[in-house]
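my_file-v8.cif, holding mmCIF, C-alpha atoms:
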```cif
data_target
#
loop_
_atom_site.label_atom_id
_atom_site.label_comp_id
_atom_site.auth_asym_id
_atom_site.auth_seq_id
_atom_site.Cartn_x
_atom_site.Cartn_y
_atom_site.Cartn_z
CA MET A 1 0.59 17.87 24.52
CA ASN A 2 -1.44 18.96 21.49
CA GLU A 3 -1.37 17.21 18.11
CA GLU A 4 0.73 19.94 16.49
CA SER A 5 3.53 19.43 19.01
CA ALA A 6 3.23 15.66 18.62
CA PHE A 7 3.71 15.90 14.85
CA ILE A 8 6.83 18.03 15.37
CA LEU A 9 8.24 15.40 17.73
CA LEU A 10 7.40 12.68 15.19
CA PHE A 11 9.48 14.51 12.58
CA VAL A 12 12.35 14.78 15.07
CA VAL A 13 12.14 11.03 15.74
CA ALA A 14 11.96 10.28 12.01
CA THR A 15 15.07 12.38 11.40
CA GLY A 16 16.93 10.50 14.13
CA VAL A 17 15.86 7.15 12.65
CA ALA A 18 16.93 8.26 9.16
CA LEU A 19 20.39 9.10 10.52
CA ALA A 20 20.58 5.82 12.45
CA VAL A 21 19.81 3.60 9.45
CA ARG A 22 22.80 5.03 7.63
CA VAL A 23 24.88 3.11 10.16
CA VAL A 24 22.60 0.16 10.99
CA ARG A 25 21.63 -1.80 7.88
CA VAL A 26 17.90 -1.94 8.53
CA PRO A 27 15.23 -0.75 6.04
CA TYR A 28 14.12 2.74 7.01
CA THR A 29 10.40 1.94 7.25
CA VAL A 30 11.10 -1.13 9.40
CA ALA A 31 13.24 1.00 11.71
CA LEU A 32 10.40 3.53 11.95
CA VAL A 33 7.93 0.85 13.04
CA LEU A 34 10.42 -0.41 15.65
CA ALA A 35 10.91 3.16 16.90
CA GLY A 36 7.15 3.65 17.10
CA LEU A 37 6.76 0.39 19.02
CA ALA A 38 9.46 1.42 21.50
CA ILE A 39 8.17 4.95 22.06
CA GLY A 40 4.58 3.71 22.34
CA ALA A 41 5.55 1.02 24.85
CA LEU A 42 7.51 3.54 26.95
CA GLN A 43 4.74 6.15 26.53
CA LEU A 44 7.28 8.91 26.04
CA PHE A 45 4.69 11.17 24.44
CA PRO A 46 1.16 10.78 23.06
CA ALA A 47 0.84 10.42 19.30
CA PRO A 48 -2.09 11.32 17.02
CA LEU A 49 -4.40 8.42 16.20
CA LEU A 50 -4.02 6.87 12.75
CA THR A 51 -7.63 7.41 11.63
CA LYS A 52 -9.30 6.90 8.28
CA GLU A 53 -9.80 10.65 7.97
CA LEU A 54 -6.10 11.35 8.58
CA LEU A 55 -4.97 8.60 6.20
CA PHE A 56 -7.37 9.59 3.43
CA SER A 57 -7.05 13.37 3.70
CA VAL A 58 -3.28 13.68 4.29
CA PHE A 59 -1.27 10.52 3.62
CA LEU A 60 -2.81 8.50 0.78
CA PRO A 61 -3.19 11.25 -1.85
CA GLY A 62 0.42 12.41 -1.49
CA LEU A 63 1.92 8.91 -1.37
CA ILE A 64 -0.17 7.59 -4.26
CA PHE A 65 0.51 10.61 -6.46
CA GLU A 66 4.27 10.52 -5.82
CA ALA A 67 4.47 6.84 -6.74
CA ALA A 68 2.35 7.33 -9.88
CA PHE A 69 4.30 10.45 -10.85
CA HIS A 70 7.66 8.66 -10.64
CA ILE A 71 6.74 5.18 -11.87
CA ASP A 72 8.45 4.05 -15.06
CA GLY A 73 5.72 4.82 -17.61
CA HIS A 74 7.24 2.64 -20.34
CA GLN A 75 7.53 -0.36 -18.02
CA PHE A 76 4.00 0.21 -16.70
CA ARG A 77 2.50 0.29 -20.21
CA ASP A 78 4.54 -2.75 -21.23
CA ASN A 79 3.36 -4.78 -18.22
CA TRP A 80 -0.08 -3.31 -17.58
CA MET A 81 -1.93 -6.59 -18.12
CA MET A 82 0.14 -8.41 -15.50
CA ILE A 83 -0.15 -5.48 -13.08
CA ALA A 84 -3.94 -5.32 -13.57
CA ALA A 85 -4.19 -9.09 -13.13
CA LEU A 86 -2.34 -8.89 -9.80
CA ALA A 87 -4.30 -5.86 -8.60
CA VAL A 88 -7.77 -7.13 -9.55
CA LEU A 89 -7.86 -10.86 -10.25
CA GLY A 90 -5.06 -11.46 -7.76
CA VAL A 91 -6.92 -9.58 -5.04
CA VAL A 92 -10.13 -11.50 -5.80
CA ALA A 93 -8.26 -14.82 -5.66
CA SER A 94 -6.53 -13.84 -2.43
CA ILE A 95 -9.84 -12.86 -0.81
CA ALA A 96 -11.42 -16.13 -1.97
CA LEU A 97 -8.55 -18.21 -0.56
CA VAL A 98 -8.68 -16.47 2.82
CA THR A 99 -12.48 -16.84 2.91
CA LEU A 100 -12.29 -20.58 2.22
CA VAL A 101 -9.22 -21.55 4.23
CA LEU A 102 -9.26 -19.34 7.33
CA PRO A 103 -12.52 -20.46 9.07
CA PRO A 104 -11.69 -24.20 9.32
CA ILE A 105 -8.16 -23.45 10.55
CA VAL A 106 -9.48 -21.00 13.16
CA HIS A 107 -11.97 -23.64 14.31
CA ALA A 108 -9.25 -26.33 14.43
CA PHE A 109 -7.26 -24.20 16.88
CA GLY A 110 -10.37 -23.50 18.95
CA VAL A 111 -10.00 -19.74 18.61
CA ALA A 112 -13.57 -18.70 17.75
CA ALA A 113 -16.25 -21.35 17.30
CA GLY A 114 -18.67 -19.03 15.46
CA PHE A 115 -16.14 -17.54 13.05
CA ASN A 116 -17.46 -18.22 9.54
CA TRP A 117 -16.88 -17.35 5.89
CA ARG A 118 -18.57 -13.95 6.22
CA HIS A 119 -16.07 -12.76 8.84
CA ALA A 120 -13.21 -14.27 6.81
CA LEU A 121 -14.50 -12.46 3.70
CA VAL A 122 -14.24 -9.08 5.43
CA PHE A 123 -10.78 -9.91 6.75
CA GLY A 124 -9.62 -11.13 3.33
CA ALA A 125 -10.83 -7.92 1.68
CA LEU A 126 -9.24 -5.51 4.14
CA ILE A 127 -5.92 -7.37 4.36
CA SER A 128 -5.50 -7.62 0.58
CA ALA A 129 -3.97 -4.14 0.17
CA THR A 130 -0.18 -4.39 -0.04
CA ASP A 131 2.21 -1.64 1.03
CA PRO A 132 5.71 -2.52 -0.27
CA VAL A 133 7.29 0.86 0.54
CA ALA A 134 10.22 -0.75 2.35
CA VAL A 135 10.79 -3.14 -0.56
CA VAL A 136 10.54 -0.45 -3.26
CA GLY A 137 13.00 1.70 -1.31
CA LEU A 138 15.37 -1.26 -1.13
CA PHE A 139 14.95 -1.88 -4.87
CA ARG A 140 15.97 1.70 -5.62
CA TYR A 141 18.97 1.44 -3.32
CA MET A 142 20.08 -1.92 -4.73
CA ARG A 143 19.27 -1.03 -8.36
CA ALA A 144 16.85 -3.88 -8.87
CA PRO A 145 15.54 -4.58 -12.39
CA ALA A 146 13.18 -1.81 -13.47
CA ARG A 147 10.49 -4.25 -14.58
CA LEU A 148 10.42 -6.03 -11.22
CA ALA A 149 10.17 -2.74 -9.32
CA THR A 150 7.37 -1.57 -11.64
CA LEU A 151 5.41 -4.80 -11.17
CA LEU A 152 5.52 -4.51 -7.38
CA GLU A 153 4.88 -0.77 -7.20
CA GLY A 154 2.26 -0.78 -9.97
CA GLU A 155 0.35 -3.59 -8.28
CA SER A 156 0.42 -1.72 -4.97
CA LEU A 157 -0.80 1.50 -6.60
CA LEU A 158 -3.84 -0.20 -8.08
CA ASN A 159 -4.67 -2.71 -5.36
CA ASP A 160 -4.99 0.01 -2.72
CA GLY A 161 -7.98 1.22 -4.70
CA THR A 162 -9.43 -2.20 -5.51
CA ALA A 163 -8.98 -3.38 -1.90
CA ILE A 164 -10.99 -0.43 -0.56
CA VAL A 165 -13.79 -1.14 -3.04
CA PHE A 166 -13.80 -4.88 -2.27
CA PHE A 167 -13.83 -4.12 1.46
CA SER A 168 -16.91 -1.91 1.08
CA LEU A 169 -18.67 -4.54 -1.05
CA SER A 170 -17.81 -7.38 1.35
CA LEU A 171 -19.01 -5.37 4.33
CA GLY A 172 -22.29 -4.79 2.52
CA ILE A 173 -22.67 -8.54 1.88
CA VAL A 174 -22.04 -9.40 5.54
CA GLN A 175 -24.44 -6.73 6.75
CA GLY A 176 -27.23 -8.12 4.58
CA ALA A 177 -27.09 -6.26 1.28
CA ASP A 178 -29.14 -8.16 -1.29
CA SER A 179 -26.75 -8.10 -4.25
CA GLY A 180 -25.87 -10.75 -6.79
CA VAL A 181 -22.55 -11.35 -8.51
CA ALA A 182 -23.56 -9.32 -11.57
CA GLU A 183 -24.62 -6.34 -9.47
CA LEU A 184 -21.46 -6.46 -7.35
CA THR A 185 -19.35 -6.63 -10.50
CA SER A 186 -21.11 -3.65 -12.00
CA GLN A 187 -20.66 -1.68 -8.76
CA PHE A 188 -16.94 -2.46 -8.78
CA VAL A 189 -16.53 -1.45 -12.42
CA ALA A 190 -18.50 1.76 -11.85
CA VAL A 191 -16.55 2.81 -8.75
CA VAL A 192 -13.15 2.05 -10.29
CA GLY A 193 -14.05 3.31 -13.79
CA MET A 194 -15.52 6.58 -12.54
CA GLY A 195 -12.50 7.10 -10.31
CA ALA A 196 -10.19 6.63 -13.29
CA ALA A 197 -12.31 9.01 -15.40
CA ILE A 198 -12.30 11.76 -12.77
CA GLY A 199 -8.56 11.39 -12.22
CA SER A 200 -7.93 11.47 -15.97
CA VAL A 201 -9.88 14.71 -16.41
CA ILE A 202 -8.14 16.45 -13.49
CA GLY A 203 -4.75 15.03 -14.48
CA ALA A 204 -5.20 16.19 -18.08
CA ALA A 205 -6.16 19.68 -16.86
CA GLY A 206 -3.07 19.74 -14.65
CA ALA A 207 -0.87 18.61 -17.53
CA TRP A 208 -2.37 21.34 -19.76
CA LEU A 209 -1.51 23.99 -17.16
CA ILE A 210 2.02 22.62 -16.68
CA ARG A 211 2.70 22.81 -20.43
CA ARG A 212 1.67 26.49 -20.48
CA VAL A 213 3.49 27.74 -17.39
CA ASP A 214 7.25 27.99 -16.88
CA ASP A 215 7.56 28.61 -13.17
CA PRO A 216 8.75 25.83 -10.83
CA MET A 217 6.75 27.00 -7.82
CA ILE A 218 3.50 27.30 -9.75
CA GLU A 219 3.99 23.94 -11.46
CA ILE A 220 4.68 22.26 -8.11
CA ALA A 221 1.50 23.90 -6.78
CA VAL A 222 -0.41 22.54 -9.78
CA THR A 223 0.78 18.98 -9.12
CA THR A 224 -0.14 19.31 -5.43
CA SER A 225 -3.62 20.53 -6.34
CA VAL A 226 -4.02 17.67 -8.81
CA ALA A 227 -2.87 15.08 -6.24
CA TYR A 228 -5.23 16.10 -3.48
CA GLY A 229 -7.97 17.53 -5.70
CA SER A 230 -8.42 14.31 -7.68
CA PHE A 231 -8.64 12.27 -4.49
CA VAL A 232 -11.14 14.60 -2.81
CA ALA A 233 -13.28 14.95 -5.96
CA ALA A 234 -13.55 11.17 -6.39
CA GLN A 235 -14.25 10.51 -2.70
CA THR A 236 -16.92 13.23 -2.70
CA LEU A 237 -18.65 11.47 -5.59
CA GLU A 238 -18.26 8.14 -3.71
CA VAL A 239 -15.93 6.53 -6.22
CA SER A 240 -12.31 5.41 -5.87
CA GLY A 241 -10.07 8.28 -4.78
CA VAL A 242 -6.98 6.08 -4.99
CA ILE A 243 -7.61 5.12 -8.64
CA ALA A 244 -8.38 8.77 -9.44
CA THR A 245 -5.05 9.91 -7.97
CA VAL A 246 -3.15 7.15 -9.81
CA ALA A 247 -4.66 8.23 -13.13
CA ALA A 248 -4.02 11.92 -12.39
CA GLY A 249 -0.41 11.29 -11.35
CA MET A 250 0.44 9.25 -14.41
CA LEU A 251 -1.12 11.80 -16.76
CA CYS A 252 0.72 14.66 -15.07
CA ALA A 253 3.98 12.74 -15.43
CA THR A 254 3.44 11.59 -19.01
CA TYR A 255 1.87 14.64 -20.63
CA GLY A 256 2.92 17.33 -18.18
CA ALA A 257 6.34 16.78 -16.66
CA ARG A 258 8.03 14.91 -19.52
CA THR A 259 6.92 17.29 -22.26
CA GLY A 260 6.04 20.54 -20.50
CA MET A 261 8.58 21.01 -17.71
CA SER A 262 12.00 22.55 -18.09
CA ALA A 263 15.00 20.69 -16.66
CA VAL A 264 15.06 23.03 -13.65
CA THR A 265 11.37 22.50 -12.96
CA LYS A 266 11.66 18.72 -13.33
CA ALA A 267 14.46 18.66 -10.77
CA ALA A 268 12.55 20.93 -8.37
CA CYS A 269 9.29 19.01 -8.75
CA GLY A 270 11.00 15.66 -8.42
CA SER A 271 12.81 16.73 -5.25
CA PHE A 272 9.60 18.16 -3.79
CA TRP A 273 7.61 14.97 -4.27
CA GLU A 274 10.48 12.78 -3.08
CA TYR A 275 10.54 14.78 0.16
CA VAL A 276 6.74 14.64 0.48
CA ALA A 277 6.86 10.85 0.15
CA PHE A 278 9.72 10.65 2.64
CA ALA A 279 7.91 12.83 5.17
CA LEU A 280 4.52 11.12 4.82
CA ASN A 281 6.01 7.62 4.93
CA SER A 282 8.06 8.59 7.97
CA ILE A 283 5.01 9.72 9.92
CA VAL A 284 2.68 6.93 8.82
CA PHE A 285 5.14 4.14 9.69
CA LEU A 286 5.85 5.72 13.07
CA LEU A 287 2.10 5.89 13.69
CA ILE A 288 1.82 2.20 12.74
CA GLY A 289 4.30 1.45 15.51
CA PHE A 290 2.36 3.63 17.95
CA GLU A 291 -0.94 1.90 17.12
CA ILE A 292 0.38 -1.62 17.80
CA ARG A 293 0.12 -2.89 21.35
CA LEU A 294 2.37 -5.93 21.70
CA PRO A 295 0.68 -7.33 24.85
CA PHE A 296 -2.64 -7.28 22.99
CA LEU A 297 -1.16 -9.09 19.98
CA ILE A 298 0.69 -11.62 22.14
CA SER A 299 -2.59 -12.56 23.82
CA TYR A 300 -3.94 -13.39 20.34
CA TRP A 301 -0.74 -14.97 19.04
CA VAL A 302 -2.44 -18.13 17.73
CA PRO A 303 -4.99 -16.42 15.41
CA VAL A 304 -2.37 -13.83 14.43
CA LEU A 305 0.08 -16.54 13.37
CA VAL A 306 -2.66 -18.49 11.58
CA ALA A 307 -3.82 -15.39 9.73
CA TYR A 308 -0.27 -14.44 8.75
CA LEU A 309 0.46 -17.91 7.37
CA VAL A 310 -2.84 -18.06 5.44
CA VAL A 311 -2.37 -14.57 3.96
CA THR A 312 1.30 -15.15 3.07
CA LEU A 313 0.75 -18.59 1.55
CA GLY A 314 -2.30 -17.28 -0.30
CA ARG A 315 -0.25 -14.50 -1.87
CA GLY A 316 2.43 -17.02 -2.79
CA LEU A 317 -0.14 -19.18 -4.56
CA VAL A 318 -1.61 -16.21 -6.43
CA ILE A 319 1.86 -15.09 -7.58
CA ALA A 320 2.73 -18.67 -8.62
CA VAL A 321 -0.39 -18.93 -10.79
CA ASN A 322 0.33 -15.52 -12.32
CA HIS A 323 3.92 -16.57 -12.99
CA THR A 324 2.72 -19.74 -14.74
CA LEU A 325 0.26 -17.83 -16.92
CA ALA A 326 2.88 -15.20 -17.76
CA GLY A 327 5.18 -18.02 -18.84
CA LEU A 328 2.72 -18.86 -21.61
CA THR A 329 3.25 -15.39 -23.11
CA ARG A 330 6.22 -13.28 -24.09
CA LYS A 331 6.05 -11.58 -20.67
CA ARG A 332 7.60 -14.48 -18.76
CA MET A 333 9.62 -13.68 -15.64
CA PRO A 334 12.80 -15.20 -14.17
CA PRO A 335 11.92 -17.82 -11.50
CA GLY A 336 13.37 -15.79 -8.62
CA TRP A 337 11.11 -12.83 -9.35
CA SER A 338 8.00 -14.71 -8.25
CA LEU A 339 9.49 -15.38 -4.83
CA VAL A 340 10.45 -11.72 -4.48
CA LEU A 341 6.96 -10.55 -5.53
CA ALA A 342 5.32 -12.99 -3.11
CA TRP A 343 7.59 -12.07 -0.19
CA GLY A 344 7.36 -8.37 -1.05
CA GLY A 345 3.62 -8.14 -0.40
CA LEU A 346 3.94 -6.34 2.93
CA ARG A 347 0.87 -4.98 4.69
CA GLY A 348 0.84 -1.48 6.15
CA ALA A 349 -1.41 1.33 7.30
CA LEU A 350 -4.43 0.85 5.02
CA PRO A 351 -5.59 -2.55 6.38
CA MET A 352 -5.09 -1.29 9.94
CA VAL A 353 -7.22 1.76 9.31
CA LEU A 354 -9.93 -0.20 7.44
CA VAL A 355 -10.34 -2.72 10.27
CA LEU A 356 -10.72 0.09 12.81
CA THR A 357 -13.67 1.45 10.78
CA LEU A 358 -15.69 -1.70 11.48
CA PRO A 359 -18.76 -0.91 13.61
CA SER A 360 -18.25 -1.47 17.35
CA GLY A 361 -20.90 -4.22 17.37
CA PHE A 362 -19.43 -6.10 14.40
CA PRO A 363 -19.05 -9.84 15.24
CA TYR A 364 -15.50 -10.82 16.19
CA ARG A 365 -14.29 -7.26 15.71
CA GLU A 366 -11.54 -7.63 18.34
CA LEU A 367 -10.31 -10.83 16.68
CA LEU A 368 -10.25 -9.16 13.24
CA VAL A 369 -8.37 -6.15 14.65
CA SER A 370 -5.77 -8.38 16.32
CA MET A 371 -5.26 -10.49 13.17
CA THR A 372 -4.95 -7.42 10.94
CA PHE A 373 -2.48 -5.62 13.20
CA GLY A 374 -0.55 -8.85 13.71
CA VAL A 375 -0.27 -9.60 10.00
CA ALA A 376 0.87 -6.00 9.36
CA VAL A 377 3.60 -6.01 12.02
CA LEU A 378 4.84 -9.51 11.11
CA SER A 379 5.00 -8.70 7.40
CA ILE A 380 6.83 -5.41 7.99
CA LEU A 381 9.35 -6.91 10.41
CA LEU A 382 9.89 -10.42 9.03
CA GLN A 383 9.60 -9.74 5.31
CA GLY A 384 11.06 -6.24 5.46
CA LEU A 385 14.15 -7.39 7.35
CA THR A 386 14.81 -10.41 5.12
CA MET A 387 14.14 -8.91 1.70
CA ARG A 388 17.73 -7.74 1.17
CA TRP A 389 19.02 -11.24 1.93
CA LEU A 390 16.41 -12.86 -0.34
CA THR A 391 17.03 -10.62 -3.35
CA THR A 392 20.78 -11.06 -3.05
CA ARG A 393 20.50 -14.83 -2.51
CA LEU A 394 18.32 -15.20 -5.61
CA LYS A 395 20.71 -12.94 -7.56
CA VAL A 396 17.84 -10.57 -8.36
CA VAL A 397 20.13 -7.76 -7.22
CA HIS A 398 23.79 -7.70 -6.29
CA GLU A 399 25.48 -6.07 -3.32
CA ALA A 400 27.98 -4.46 -5.68
CA ALA A 401 25.15 -2.69 -7.52
CA ARG A 402 23.88 -0.74 -4.54
CA VAL A 403 23.74 3.03 -4.66
CA THR A 404 25.99 4.86 -2.22
CA PRO A 405 23.75 6.81 0.19
#
```

Kindly transcribe the structure held in the file into structure tokens.
Amino acid sequence: MNEESAFILLFVVATGVALAVRVVRVPYTVALVLAGLAIGALQLFPAPLLTKELLFSVFLPGLIFEAAFHIDGHQFRDNWMMIAALAVLGVVASIALVTLVLPPIVHAFGVAAGFNWRHALVFGALISATDPVAVVGLFRYMRAPARLATLLEGESLLNDGTAIVFFSLSLGIVQGADSGVAELTSQFVAVVGMGAAIGSVIGAAGAWLIRRVDDPMIEIAVTTSVAYGSFVAAQTLEVSGVIATVAAGMLCATYGARTGMSAVTKAACGSFWEYVAFALNSIVFLLIGFEIRLPFLISYWVPVLVAYLVVTLGRGLVIAVNHTLAGLTRKRMPPGWSLVLAWGGLRGALPMVLVLTLPSGFPYRELLVSMTFGVAVLSILLQGLTMRWLTTRLKVVHEAARVTP
């Protein structure tokens, strides 16, 4: 079976899962992963590999742009400092915690005697990217507070980009790059800043075209070109494609769609990008299920469980500190929100793809792959399946407020 046929079958499976979750109260993305696990275990048909090239050229630009295009601009501007703190300082703190805490715990369980802070640094960097698609979808369905949804989605939008940069920098450190803190900081600022600048220029150009054209099909084509063009342009110049697409998407939404699109075009463009996100998320979460081999993870259950606990507790600590600092300002949050933000930090495709890009001779590569895949599947299944209960229990959302599908 060729890849084209496999993709058609994946869409058929995704459609079946989408119909099934209307009856079974399971988050759609969680159900997709379960379906992928089942089909992969039964080997019903071969699926395309979830490679970095596929993720970066097809999935990330569309998913990032759709989220940036639809994010609540007012809430994002009002909470940008907290979002930036979570996406940059929070990622740094999370990486530092994993780097410090993971090696001694791994040694205590006798998993890998030579596992040290360098290997933990790489793992901390690649696992720091959150993918709360299942949670954001639940928030929309349950009509969660707009600010809470924006905090979670805004953090995810930015930390995808920062995590990729930190992963590249940490890999350079482990492989012997002679760089100090000042140089690493300047590299980070340059990669992220240039990505934002490129995305802003392309997004502004797209917004200018949208304001001067009144044709839904052309304006949708413009947004598509901006989404993928900004990502490709930034990656070609070796800066952050994710940050570029975020900037481009928000500019297109703010200065293009809201002021330059007619009501008909807004509806058409919104529906188009909602379907694109639905289709891309459907395929990527199915592929996550296909990539995971349960016997392989079970054989590494001790380091997988250790890594999951360290990563989850580390995120909880970072969110708690952020909550405390926010309480000193006018941007304080209700107590239950911190628990939701901490538990909503699911891991998805990006960490899995990043770990597979490690060189074949990288020390403890198999251990890092098993821990990354294990943390991803545990977070999607455990946190994804319990988020509805948690948000209702904490009275963050109410069952009566849900939207009828």

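Using the PyMOL selection byres ((chain A and resi 6) around 12) on this structure selects A:Met1, A:Asn2, A:Glu3, A:Glu4, A:Ser5, A:Phe7, A:Ile8, A:Leu9, A:Leu10, A:Phe11, A:Val12, A:Val13, A:Leu44, A:Phe45, A:Pro46, A:Ala47, A:Pro48, A:Leu49, A:Ile283, A:Leu286, A:Leu287.
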
Item checked: Residues within 8 Å of stretch 367-384 of chain A, all atoms listed in the file, excluding chain neighbours under 6 positions, as a list in words ->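 Listed by chain and then number, they are Pro27, Val30, Phe123, Ile127, Ala134, Val135, Ile292, Phe296, Leu297, Tyr300, Pro303, Val304, Leu305, Ala307, Tyr308, Trp343, Gly344, Gly345, Leu346, Arg347, Gly348, Ala349, Pro351, Met352, Val355 and Leu356 of chain A.
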
Next item on the list: Could you check how far atom CA of A:Ala279 sits from atom CA of A:Ala31, in Å to one decimal?
Entry: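 Those two atoms sit 14.5 Å apart.
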
Note to self: List as a PyMOL selection string the protein and nucleic acid residues near A:Phe56, meaning an atom at most 9 Å away when only C-alpha atoms are counted, but skip any in the same chain fewer than 3 places from it.
What the structure shows: chain A and resi 51-53+59-61+231-232+241

Check: When you draw a straight line from atom CA of A:Leu169 to atom CA of A:Gln187, how long is it in Å?
Finding: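 Atom CA of A:Leu169 sits 8.5 Å away from atom CA of A:Gln187.
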
Notebook entry, point to check: Restricting the calculation to all atoms listed in the file, which member of A:Thr357, A:Thr391, A:Ser282, A:Ser271 is positioned closest to A:Gly16?
Noted result: A:Ser282

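Using all atoms listed in the file, the shortest contact distance between A:Thr223 and any of A:Trp301, A:Tyr255, A:Trp117, A:Trp273 is found at A:Trp273.
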